[in-house]
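Visitor: Mind looking over this structure? Questions follow.
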2 protein chains.
Amino acid sequence: MANEHILRAFDRDLEAVQAMIMRMGGLVETALADAARALESRDEVLADQVRANDAAIDLLEEQVNTECARLIALRAPMGTDLRTVLSVMKIASNLERCGDYAKNLAKRSKLLADLAPLPEAHGSLKRMSRQVSLLLKDALDAFIARDAGLAAEVRLRDHEVDQMYNAIFRELLTHMLEDSRKITPAMQLHFIAKNIERVGDHATTIAEQVIYMTTGQLPGDARPKVDAVLGQGGQG
Amino acid sequence: MANEHILRAFDRDLEAVQAMIMRMGGLVETALADAARALESRDEVLADQVRANDAAIDLLEEQVNTECARLIALRAPMGTDLRTVLSVMKIASNLERCGDYAKNLAKRSKLLADLAPLPEAHGSLKRMSRQVSLLLKDALDAFIARDAGLAAEVRLRDHEVDQMYNAIFRELLTHMLEDSRKITPAMQLHFIAKNIERVGDHATTIAEQVIYMTTGQLPGDARPKVDAVLGQGGQG
């Protein structure tokens, strides 16, 4: 990158698309952090901002797709280059979904405002949310650095997120069984937990695309899955 | 299609990929129907079959992606052709997710086997599942016929699925509030309802890709969304 003149036209175009991906990633990370904050502090104004900002993420995905289509048509990439462009489109699509989840978290925080709080569950959710944000950040770092090792680590760490989700599910179930007044807020917190867990799944899919880009092979379905007796992680 | 000799090489290749998509669609429809049947009759053998058959759907998605990448590299499609190939990949990715949901439904039916049944909720779930299967079928028919009108109709009908989901959510909540012994089975049925609702979302995404392929524009976010006071449809 020291000498821009020796970069191929394809690489220049790809860098522009990668910059869009990183901008998307930044917006999604902010949205997730803000949604978590809005949830904790029951800040409806912040929740509204998260919802409004999702449009910018959607627009960036469209721009990535347009730019990738242009790149394919213009540069006719083959082999690794083509694989990279297709992976970039998949990564954009996964980031867009993460943005949707952040928007949904923000919607939920408005619903929760009128319900009794369940302080212990909120603590667990906050830890899970922090863990997932870190996963997403590392998945995107792995993408930029083409680091298949870091990507493989992200896949493994999503296992821990699934375990955190299972623990929260059991915790919420216990609350509901103990006190029927907690059923409604616990159901809302369960939605929230599930949304956060899904962001972890998308971070994993991004990591898998990085492995595909760098090795040419999607990792097999060796991805660890936890099935608790109740409340199973993953695509449930 | 009467005279194969006048088909362009691109069209021939595309037809082969479309045949894969339809095979995927058929497998997903079967998986969803079998998962619903396994759930109703608590048939664990059938549930195991659904789980095992998901590998074939995953494999087809990989084949579609490989074939599309080959098609792009070999034929260098532009304009509408390129848009079509990219949409086909998105459709395959959405079908693969639907397969995952069917697999998850099958897993759930095994968990439910030991829990008290909630007959009314089962009836509602069955209706919702039938509606979603029909949506998926119509979305794929719209794809094959390049029928933007049918695709637009699928988007609207997903609105009804969201409403069905909201009704089921409220129904389950009522059960839980009435009788704490129903909390655990109701939570499992809620997972199931959410999974089915998500298949509807994916059918909608497929319909949106059909609109993109035929008109060059993704429909705006005019997609109707129902937010019930509790339990909102869509990406919750």
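Naming scheme: A, B, ... for chains in displayed order of the structure tokens; residues 1 onward per chain; ligands 1 onward as shown.
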Considering only C-alpha atoms, extract the chain A residues located within 6 Å of chain B and return them as a PyMOL selection string.
Guide: chain A and resi 73+78+104+177+180+236
Visitor: Check the smallest atom-to-atom distance from each of A:Gln217, A:Thr80, A:Gln63, A:Ser133 to Leu32 in chain A using only C-alpha atoms, then report the winner.
Guide: A:Ser133
Visitor: Might you pull out every residue within 10 Å of Gln209 in chain A, with only C-alpha atoms counted and same-chain residues fewer than 4 positions away left off, and present them as a PyMOL selection string?
Guide: chain A and resi 83-84+86-91+139+143+148+151+203-205+213-219
Visitor: For the atom pair CA of Glu160 in chain A and CA of Ala207 in chain A, what is the interatomic distance in Å to one decimal place?
Guide: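 Atom-to-atom, CA of Glu160 in chain A to CA of Ala207 in chain A, that is 15.4 Å.
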